[in-house]
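Below is one structure, written out as structure tokens, with a few remarks after it.
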Amino acid sequence: MNQSKTLLNPDVIIVGAGVAGIYMLHKLRKMGLVTVVIEKSDELGGTWNWNRYPGARCDIPSLEYSYQFDENLQQDWNWSEKYSAQPEILEYLNHVADRFELRKDISFEEEVLEAQFNEELSLWDIKTNKEVYQSKFCIFATGCLSVPNKPDIEGLEGFEGQLLSTSYWPREEVDLSNKNVAIIGTGSSSIQTIPEIAKEVKNLYVFQRTPNYSIPSNNGPMDKEIEADIKSRYAEFRKENWSNGFGIAGIADEALIAESDIDEVNNQLEENWKNNGLGFFGGYADVPVDANSNEVAASFVRNKIKEIVKDPETADKLSPKYHIGGKRLCVDTGYFETFNRENVHLIDLHSSPITRIGESSIEADLEYDIDTLILATGFDAMTGALTSLDIVGRNGIILRDQWKKGAKSYLGLGVSNFPNLFTITGPGSPSVLSNMMPSIEQHVNWIADCIGWMIDNNKSVIESSLSAEEEWM
Ligand code: NAP
């Protein structure tokens with residue numbers, strides 16, 4: 001774009017060196033744009049750098065949960081399991097960064113404190129803890145789930161034992177052997193962690209507010225025949241998945257439970273329970289919209305929980321009573337089975353809420369003495385990374401204020417009053433309800449095409465209109 005640009009005066013600033021940020025950098029550099037990625041951590045990987053809790057792995061098969069922008073990359077890389085674990089995914093992202101020499105344009109341990117649109121110059125002024133930058137475009141690749149949610153529970157600050165969080169797990173080995181451990185929250189992260197740590201701890205107290213529908217992953221070593229088949233037609237395989245609603249193979253059939261033979265439906269759900277993970281009810285189009293059909297799929301899972309969990313009271317507490325699919329499904333490895341262990345205890349917070357956390361205890365129906373407390377309480381999701389700093393647009397408007405009554409964007413890519421600012425998988429886009437990898441690649445490709453078009457057509461500013469935003473929302 002401009003040969004005289006320096007790193008402090010680049011064409012584009014990207015915030016975040018996760019899956020989205022590093023691909024965006026690759027794309028823009030190939031277009032000849034001077035681009036800098038600012039990353040808070042000393043490592044790249046985003047979600048897969050921060051979320052190192054035991055059992056962390058993807059819940060979409062790795063052959064699909066991977067980049068498709070480079071044929072040689074997807075042919076060369078071999079995943080060891082059907083659903084790969086966090087260390088292997090992080091290794092893959094580091095491989096991508098090395099392969100495409102991305103690291104040299106990533107500034108690590110640098111945090112954006114403020115981004116302000118300079119209306120006179122039509123440039124973004126970006127202040128970090130280290131530098132001040134000015135760039136034409138600013139791209140937030142900060143992820144949907146990157147700011148941890150710390151629960152507001154009396155006494156938490158005074159807890160003197162070991163305090164851990166699934167979203168900020170230490171890099172060094174954590175020894176939980178022989179410890180009394182409490183975990184608060186039963187979302188995807190907790191459902192992956194519990195079976196792993198239960199094997200090690202003395203007692204595990206699981207504090208559950210809302211139970212979740214979880215489907216067994218049936219994970220295992222990569223089936224080499226399936227891998228060879230997919231690699232022999234990778235582009236076609238990706239295209240098939242792309243035409244599905246969620247960007248996941250085989251998830252978008254058009255059959256209706258309401259019009260099917262119930263025995264056949266149950267046989268199909270049994271098959272899906274064994275093999276399909278997140279795609280458990282994806283074969284039936286009416287599950288999300290027809291209460292009776294939804295109940296067929298939901299009660300199938302509840303019956304499975306009853307079969308697996310030996311204590312009927314625990315099985316009942318673990319069984320969600322709301323519609324299946326109202327929350328994203330979880331995919332697990334031995335989650336419900338874990339509650340048959342004598343050292344695992346479920347505490348239902350609906351009947352007995354947590355009243356207090358003591359120096360070495362947690363109080364709900366009883367007072368539990370604990371050595372370790374794990375917060376698996378999720379994130380300030382979707383908007384947290386964008387509202388926790390001052391992003392200032394036209395007329396001094398702060399994004400956080402503009403979104404006070406709810407986040408609005410056009411396509412999850414742009415926001416009115418914030419010219420030349422893009423969000424990758426921002427609020428209002430399918431993001432975490434889809435396979436994140438193709439959703440990220442789609443947004444990155446769109447943004448790169450948009451910037452390329454602006455350059456070719458001598459346009460200096462692009463901005464979503466309020467009406468486009470309202471129509472989209
Ligand atoms: P989450 O799904 O938001 O779960 C947070 C849990 O903490 C919920 O059970 C919530 O209960 C509970 N909680 C929050 N505040 C609480 C409080 N004050 N007292 C008691 N309980 C409280 O978070 P997550 O498990 O980290 O997962 C977030 C998302 O990340 C998932 O939806 C998924 O998209 C993604 N994820 C994906 C993978 C994967 O791909 N393998 C793995 C992990 C996470 P309520 O439900 O009652 O609010």
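Here, A, B, ... name the chains of the structure tokens in the order displayed, residue numbers run from 1 inside each chain, and ligands are numbered from 1 in the same displayed order.
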Tell me which protein, DNA and RNA residues are within 8 Å of stretch 45-62 of chain A, counting only C-alpha atoms, leaving out same-chain ones fewer than 3 positions away, and put them as a PDB file with N, CA and C atoms, in the first residue's frame.
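Ended up saving to selection-v4.pdb:
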```pdb
ATOM      1  N   GLY A  16      -4.675  -9.404  18.580  1.00  0.00           N
ATOM      2  CA  GLY A  16      -4.873 -10.822  18.920  1.00  0.00           C
ATOM      3  C   GLY A  16      -4.208 -11.750  17.918  1.00  0.00           C
ATOM      4  N   ALA A  17      -3.390 -12.675  18.438  1.00  0.00           N
ATOM      5  CA  ALA A  17      -2.682 -13.640  17.572  1.00  0.00           C
ATOM      6  C   ALA A  17      -3.211 -15.049  17.799  1.00  0.00           C
ATOM      7  N   GLY A  18      -4.534 -15.164  17.751  1.00  0.00           N
ATOM      8  CA  GLY A  18      -5.145 -16.490  17.805  1.00  0.00           C
ATOM      9  C   GLY A  18      -5.369 -17.007  16.396  1.00  0.00           C
ATOM     10  N   VAL A  19      -6.287 -17.960  16.274  1.00  0.00           N
ATOM     11  CA  VAL A  19      -6.571 -18.576  14.970  1.00  0.00           C
ATOM     12  C   VAL A  19      -6.900 -17.506  13.929  1.00  0.00           C
ATOM     13  N   TYR A  65     -11.629 -29.111  11.951  1.00  0.00           N
ATOM     14  CA  TYR A  65     -11.247 -28.003  12.830  1.00  0.00           C
ATOM     15  C   TYR A  65      -9.795 -27.656  12.529  1.00  0.00           C
ATOM     16  N   SER A  66      -9.576 -27.149  11.331  1.00  0.00           N
ATOM     17  CA  SER A  66      -8.221 -26.816  10.868  1.00  0.00           C
ATOM     18  C   SER A  66      -8.368 -25.884   9.674  1.00  0.00           C
ATOM     19  N   TRP A  79      -3.068 -35.140  12.184  1.00  0.00           N
ATOM     20  CA  TRP A  79      -3.621 -35.107  13.536  1.00  0.00           C
ATOM     21  C   TRP A  79      -3.550 -36.505  14.132  1.00  0.00           C
ATOM     22  N   GLU A  81      -5.394 -37.640  16.744  1.00  0.00           N
ATOM     23  CA  GLU A  81      -6.679 -38.143  17.241  1.00  0.00           C
ATOM     24  C   GLU A  81      -7.818 -37.551  16.419  1.00  0.00           C
ATOM     25  N   LYS A  82      -8.996 -38.171  16.569  1.00  0.00           N
ATOM     26  CA  LYS A  82     -10.182 -37.634  15.885  1.00  0.00           C
ATOM     27  C   LYS A  82     -10.457 -36.206  16.381  1.00  0.00           C
ATOM     28  N   TYR A  83     -10.495 -36.038  17.707  1.00  0.00           N
ATOM     29  CA  TYR A  83     -10.650 -34.712  18.300  1.00  0.00           C
ATOM     30  C   TYR A  83      -9.334 -34.399  19.019  1.00  0.00           C
ATOM     31  N   SER A  84      -8.573 -33.473  18.502  1.00  0.00           N
ATOM     32  CA  SER A  84      -7.236 -33.278  19.072  1.00  0.00           C
ATOM     33  C   SER A  84      -7.258 -32.482  20.364  1.00  0.00           C
ATOM     34  N   ALA A  85      -6.284 -32.769  21.194  1.00  0.00           N
ATOM     35  CA  ALA A  85      -6.183 -32.098  22.487  1.00  0.00           C
ATOM     36  C   ALA A  85      -5.465 -30.759  22.322  1.00  0.00           C
ATOM     37  N   GLN A  86      -5.652 -29.912  23.327  1.00  0.00           N
ATOM     38  CA  GLN A  86      -5.103 -28.537  23.299  1.00  0.00           C
ATOM     39  C   GLN A  86      -3.622 -28.479  22.930  1.00  0.00           C
ATOM     40  N   PRO A  87      -2.730 -29.335  23.519  1.00  0.00           N
ATOM     41  CA  PRO A  87      -1.308 -29.176  23.175  1.00  0.00           C
ATOM     42  C   PRO A  87      -1.054 -29.386  21.678  1.00  0.00           C
ATOM     43  N   ILE A  89      -3.225 -28.851  19.214  1.00  0.00           N
ATOM     44  CA  ILE A  89      -3.786 -27.725  18.442  1.00  0.00           C
ATOM     45  C   ILE A  89      -2.841 -26.525  18.531  1.00  0.00           C
ATOM     46  N   LEU A  90      -2.274 -26.325  19.729  1.00  0.00           N
ATOM     47  CA  LEU A  90      -1.330 -25.210  19.898  1.00  0.00           C
ATOM     48  C   LEU A  90      -0.063 -25.447  19.056  1.00  0.00           C
ATOM     49  N   LEU A  93      -0.899 -24.530  15.504  1.00  0.00           N
ATOM     50  CA  LEU A  93      -0.929 -23.080  15.255  1.00  0.00           C
ATOM     51  C   LEU A  93       0.486 -22.511  15.221  1.00  0.00           C
ATOM     52  N   ASN A  94       1.358 -23.055  16.053  1.00  0.00           N
ATOM     53  CA  ASN A  94       2.762 -22.625  16.008  1.00  0.00           C
ATOM     54  C   ASN A  94       3.427 -23.064  14.708  1.00  0.00           C
ATOM     55  N   THR A 142     -10.003 -10.685  18.533  1.00  0.00           N
ATOM     56  CA  THR A 142      -9.825 -10.930  19.972  1.00  0.00           C
ATOM     57  C   THR A 142     -10.648 -12.110  20.483  1.00  0.00           C
ATOM     58  N   GLY A 143     -11.383 -12.776  19.605  1.00  0.00           N
ATOM     59  CA  GLY A 143     -12.095 -13.984  20.016  1.00  0.00           C
ATOM     60  C   GLY A 143     -13.398 -13.682  20.734  1.00  0.00           C
ATOM     61  N   LEU A 145     -14.584 -15.658  23.246  1.00  0.00           N
ATOM     62  CA  LEU A 145     -14.550 -16.172  24.621  1.00  0.00           C
ATOM     63  C   LEU A 145     -13.142 -15.993  25.155  1.00  0.00           C
ATOM     64  N   SER A 146     -12.783 -14.754  25.444  1.00  0.00           N
ATOM     65  CA  SER A 146     -11.407 -14.532  25.878  1.00  0.00           C
ATOM     66  C   SER A 146     -11.296 -13.797  27.207  1.00  0.00           C
ATOM     67  N   THR A 166     -10.436 -22.510  34.635  1.00  0.00           N
ATOM     68  CA  THR A 166     -10.251 -23.290  33.390  1.00  0.00           C
ATOM     69  C   THR A 166      -9.776 -22.388  32.251  1.00  0.00           C
ATOM     70  N   SER A 167     -10.175 -21.106  32.292  1.00  0.00           N
ATOM     71  CA  SER A 167      -9.822 -20.232  31.170  1.00  0.00           C
ATOM     72  C   SER A 167      -8.446 -19.576  31.344  1.00  0.00           C
ATOM     73  N   TYR A 168      -7.763 -19.919  32.423  1.00  0.00           N
ATOM     74  CA  TYR A 168      -6.450 -19.309  32.661  1.00  0.00           C
ATOM     75  C   TYR A 168      -5.611 -20.309  33.442  1.00  0.00           C
ATOM     76  N   TRP A 169      -5.513 -21.515  32.917  1.00  0.00           N
ATOM     77  CA  TRP A 169      -4.858 -22.619  33.640  1.00  0.00           C
ATOM     78  C   TRP A 169      -3.340 -22.435  33.580  1.00  0.00           C
ATOM     79  N   PRO A 170      -2.625 -22.719  34.676  1.00  0.00           N
ATOM     80  CA  PRO A 170      -1.167 -22.525  34.638  1.00  0.00           C
ATOM     81  C   PRO A 170      -0.488 -23.403  33.585  1.00  0.00           C
ATOM     82  N   ARG A 171       0.639 -22.930  33.095  1.00  0.00           N
ATOM     83  CA  ARG A 171       1.372 -23.711  32.081  1.00  0.00           C
ATOM     84  C   ARG A 171       2.088 -24.894  32.708  1.00  0.00           C
ATOM     85  N   SER A 189     -16.180 -26.473  29.343  1.00  0.00           N
ATOM     86  CA  SER A 189     -14.827 -26.568  29.903  1.00  0.00           C
ATOM     87  C   SER A 189     -14.818 -27.519  31.091  1.00  0.00           C
ATOM     88  N   GLN A 192     -15.224 -31.170  30.223  1.00  0.00           N
ATOM     89  CA  GLN A 192     -13.977 -31.793  29.751  1.00  0.00           C
ATOM     90  C   GLN A 192     -12.983 -32.023  30.895  1.00  0.00           C
ATOM     91  N   THR A 193     -12.990 -31.111  31.868  1.00  0.00           N
ATOM     92  CA  THR A 193     -12.002 -31.189  32.956  1.00  0.00           C
ATOM     93  C   THR A 193     -12.332 -32.282  33.974  1.00  0.00           C
ATOM     94  N   PRO A 195     -13.784 -35.328  34.154  1.00  0.00           N
ATOM     95  CA  PRO A 195     -13.347 -36.727  34.072  1.00  0.00           C
ATOM     96  C   PRO A 195     -11.839 -36.890  34.249  1.00  0.00           C
ATOM     97  N   GLU A 196     -11.079 -35.880  33.822  1.00  0.00           N
ATOM     98  CA  GLU A 196      -9.615 -35.970  33.937  1.00  0.00           C
ATOM     99  C   GLU A 196      -9.150 -35.830  35.375  1.00  0.00           C
ATOM    100  N   ILE A 197      -9.649 -34.791  36.058  1.00  0.00           N
ATOM    101  CA  ILE A 197      -9.118 -34.536  37.407  1.00  0.00           C
ATOM    102  C   ILE A 197      -9.710 -35.491  38.438  1.00  0.00           C
ATOM    103  N   SER A 217     -17.921 -38.129  22.851  1.00  0.00           N
ATOM    104  CA  SER A 217     -17.129 -37.849  21.645  1.00  0.00           C
ATOM    105  C   SER A 217     -16.713 -39.132  20.933  1.00  0.00           C
ATOM    106  N   ILE A 248     -20.213 -28.031   9.495  1.00  0.00           N
ATOM    107  CA  ILE A 248     -19.721 -29.307  10.020  1.00  0.00           C
ATOM    108  C   ILE A 248     -20.301 -30.431   9.156  1.00  0.00           C
ATOM    109  N   GLY A 277     -21.229 -36.784  17.864  1.00  0.00           N
ATOM    110  CA  GLY A 277     -20.874 -35.667  18.740  1.00  0.00           C
ATOM    111  C   GLY A 277     -21.839 -34.501  18.620  1.00  0.00           C
ATOM    112  N   LEU A 278     -21.296 -33.338  18.280  1.00  0.00           N
ATOM    113  CA  LEU A 278     -22.112 -32.112  18.171  1.00  0.00           C
ATOM    114  C   LEU A 278     -23.265 -32.264  17.175  1.00  0.00           C
ATOM    115  N   CYS A 330     -22.617 -30.010  24.540  1.00  0.00           N
ATOM    116  CA  CYS A 330     -21.234 -30.307  24.931  1.00  0.00           C
ATOM    117  C   CYS A 330     -20.871 -31.680  24.376  1.00  0.00           C
ATOM    118  N   VAL A 331     -19.596 -31.906  24.241  1.00  0.00           N
ATOM    119  CA  VAL A 331     -19.091 -33.197  23.761  1.00  0.00           C
ATOM    120  C   VAL A 331     -18.059 -33.656  24.781  1.00  0.00           C
ATOM    121  N   ASN A 435     -18.775 -24.162  13.268  1.00  0.00           N
ATOM    122  CA  ASN A 435     -17.376 -24.582  13.279  1.00  0.00           C
ATOM    123  C   ASN A 435     -16.541 -23.308  13.127  1.00  0.00           C
TER     124      ASN A 435
END
```
Legend entry - Selected residue, from A:Val181, A:Met31, A:Val432, A:Leu389, that lies nearest to ligand 1 when counting only C-alpha atoms and all ligand atoms: A:Val432
Inset, instruction - Would you mind listing what lies within 12 Å of A:Glu342 as a VMD selection string, with only C-alpha atoms counted and same-chain residues fewer than 2 positions away left out? - result: chain A and resid 198 to 199 201 to 205 310 to 311 337 to 340 344 to 346
For the residues in that selection, give me C-alpha atoms as a PDB file, in the first residue's frame.
```pdb
ATOM      1  CA  ALA A 198     -11.530 -36.973  39.095  1.00  0.00           C
ATOM      2  CA  LYS A 199      -8.939 -39.716  38.509  1.00  0.00           C
ATOM      3  CA  VAL A 201      -8.069 -35.929  43.354  1.00  0.00           C
ATOM      4  CA  LYS A 202      -9.122 -37.174  46.771  1.00  0.00           C
ATOM      5  CA  ASN A 203     -12.611 -35.668  46.528  1.00  0.00           C
ATOM      6  CA  LEU A 204     -14.170 -33.640  43.759  1.00  0.00           C
ATOM      7  CA  TYR A 205     -17.158 -31.446  44.642  1.00  0.00           C
ATOM      8  CA  LYS A 310     -26.106 -45.419  38.838  1.00  0.00           C
ATOM      9  CA  ASP A 311     -27.579 -43.159  41.529  1.00  0.00           C
ATOM     10  CA  GLU A 337     -19.669 -42.003  33.999  1.00  0.00           C
ATOM     11  CA  THR A 338     -17.461 -39.934  36.316  1.00  0.00           C
ATOM     12  CA  PHE A 339     -20.392 -39.398  38.687  1.00  0.00           C
ATOM     13  CA  ASN A 340     -20.307 -43.147  39.484  1.00  0.00           C
ATOM     14  CA  VAL A 344     -17.114 -37.349  42.974  1.00  0.00           C
ATOM     15  CA  HIS A 345     -20.021 -35.462  44.565  1.00  0.00           C
ATOM     16  CA  LEU A 346     -22.626 -33.348  42.782  1.00  0.00           C
TER      17      LEU A 346
END
```
Inset, instruction - Extract, using only C-alpha atoms, all DNA, RNA and protein residues at most 12 Å from A:Ala228, discarding same-chain residues fewer than 5 positions from it, and format them as a ChimeraX atom specification. - result: /A:63,74-76,78-79,222-223,233-234
Within 9 Å of A:Thr35 using only C-alpha atoms, minus same-chain residues under 3 positions, as a tab-separated table (two decimals) with all heavy atoms, in the first residue's frame:
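This is the output file around_16.tsv:
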```tsv
chain	number	residue	atom	x	y	z
A	7	LEU	N	6.64	0.06	11.17
A	7	LEU	CA	5.84	-0.79	12.04
A	7	LEU	C	5.00	0.03	13.01
A	7	LEU	O	3.99	-0.42	13.50
A	7	LEU	CB	6.73	-1.76	12.79
A	7	LEU	CG	7.28	-2.91	11.92
A	7	LEU	CD1	8.11	-3.84	12.76
A	7	LEU	CD2	6.17	-3.67	11.21
A	10	PRO	N	1.72	1.37	10.60
A	10	PRO	CA	1.43	0.34	9.60
A	10	PRO	C	0.12	0.60	8.87
A	10	PRO	O	-0.63	1.51	9.27
A	10	PRO	CB	1.30	-0.93	10.47
A	10	PRO	CG	0.80	-0.44	11.77
A	10	PRO	CD	1.35	0.95	11.95
A	11	ASP	N	-0.14	-0.17	7.85
A	11	ASP	CA	-1.44	-0.06	7.17
A	11	ASP	C	-2.54	-0.65	8.05
A	11	ASP	O	-3.63	-0.13	8.12
A	11	ASP	CB	-1.40	-0.82	5.84
A	11	ASP	CG	-0.35	-0.25	4.90
A	11	ASP	OD1	-0.32	0.98	4.76
A	11	ASP	OD2	0.44	-1.04	4.35
A	12	VAL	N	-2.19	-1.75	8.70
A	12	VAL	CA	-3.21	-2.46	9.48
A	12	VAL	C	-2.65	-2.90	10.84
A	12	VAL	O	-1.53	-3.40	10.91
A	12	VAL	CB	-3.71	-3.73	8.74
A	12	VAL	CG1	-4.92	-4.32	9.46
A	12	VAL	CG2	-4.04	-3.46	7.29
A	13	ILE	N	-3.46	-2.68	11.88
A	13	ILE	CA	-3.16	-3.27	13.19
A	13	ILE	C	-4.17	-4.39	13.41
A	13	ILE	O	-5.39	-4.17	13.24
A	13	ILE	CB	-3.33	-2.24	14.33
A	13	ILE	CG1	-2.29	-1.15	14.25
A	13	ILE	CG2	-3.34	-2.92	15.70
A	13	ILE	CD1	-1.02	-1.40	15.00
A	14	ILE	N	-3.68	-5.55	13.79
A	14	ILE	CA	-4.57	-6.65	14.17
A	14	ILE	C	-4.40	-6.87	15.67
A	14	ILE	O	-3.26	-6.93	16.15
A	14	ILE	CB	-4.20	-7.96	13.42
A	14	ILE	CG1	-4.34	-7.76	11.91
A	14	ILE	CG2	-5.07	-9.12	13.89
A	14	ILE	CD1	-3.76	-8.92	11.08
A	25	LEU	N	-3.13	-11.92	9.37
A	25	LEU	CA	-1.79	-11.38	9.09
A	25	LEU	C	-1.23	-11.98	7.79
A	25	LEU	O	-0.73	-11.25	6.92
A	25	LEU	CB	-0.85	-11.71	10.27
A	25	LEU	CG	0.64	-11.48	10.06
A	25	LEU	CD1	0.93	-10.00	9.83
A	25	LEU	CD2	1.44	-11.98	11.26
A	28	LEU	N	-3.04	-10.46	4.73
A	28	LEU	CA	-2.76	-9.05	4.43
A	28	LEU	C	-1.31	-8.87	3.98
A	28	LEU	O	-1.02	-8.05	3.11
A	28	LEU	CB	-3.05	-8.18	5.66
A	28	LEU	CG	-4.53	-8.12	6.06
A	28	LEU	CD1	-4.70	-7.36	7.37
A	28	LEU	CD2	-5.38	-7.46	4.97
A	29	ARG	N	-0.42	-9.65	4.57
A	29	ARG	CA	0.98	-9.54	4.14
A	29	ARG	C	1.15	-9.94	2.69
A	29	ARG	O	1.92	-9.34	1.95
A	29	ARG	CB	1.85	-10.40	5.05
A	29	ARG	CG	2.66	-9.54	5.97
A	29	ARG	CD	3.74	-10.22	6.70
A	29	ARG	NE	4.02	-11.58	6.35
A	29	ARG	CZ	4.64	-12.42	7.15
A	29	ARG	NH1	5.04	-12.03	8.34
A	29	ARG	NH2	4.91	-13.64	6.78
A	32	GLY	N	0.69	-7.28	0.39
A	32	GLY	CA	1.70	-6.22	0.41
A	32	GLY	C	1.42	-5.15	1.46
A	32	GLY	O	2.01	-4.07	1.42
A	105	ASP	N	6.07	-10.44	12.58
A	105	ASP	CA	5.15	-9.29	12.61
A	105	ASP	C	4.17	-9.36	13.78
A	105	ASP	O	3.14	-8.68	13.76
A	105	ASP	CB	4.38	-9.20	11.28
A	105	ASP	CG	5.30	-8.77	10.16
A	105	ASP	OD1	6.18	-7.93	10.42
A	105	ASP	OD2	5.17	-9.29	9.05
A	106	ILE	N	4.49	-10.20	14.76
A	106	ILE	CA	3.64	-10.26	15.96
A	106	ILE	C	4.43	-9.66	17.11
A	106	ILE	O	5.56	-10.06	17.38
A	106	ILE	CB	3.24	-11.71	16.31
A	106	ILE	CG1	2.55	-12.39	15.12
A	106	ILE	CG2	2.32	-11.73	17.55
A	106	ILE	CD1	2.23	-13.86	15.32
```
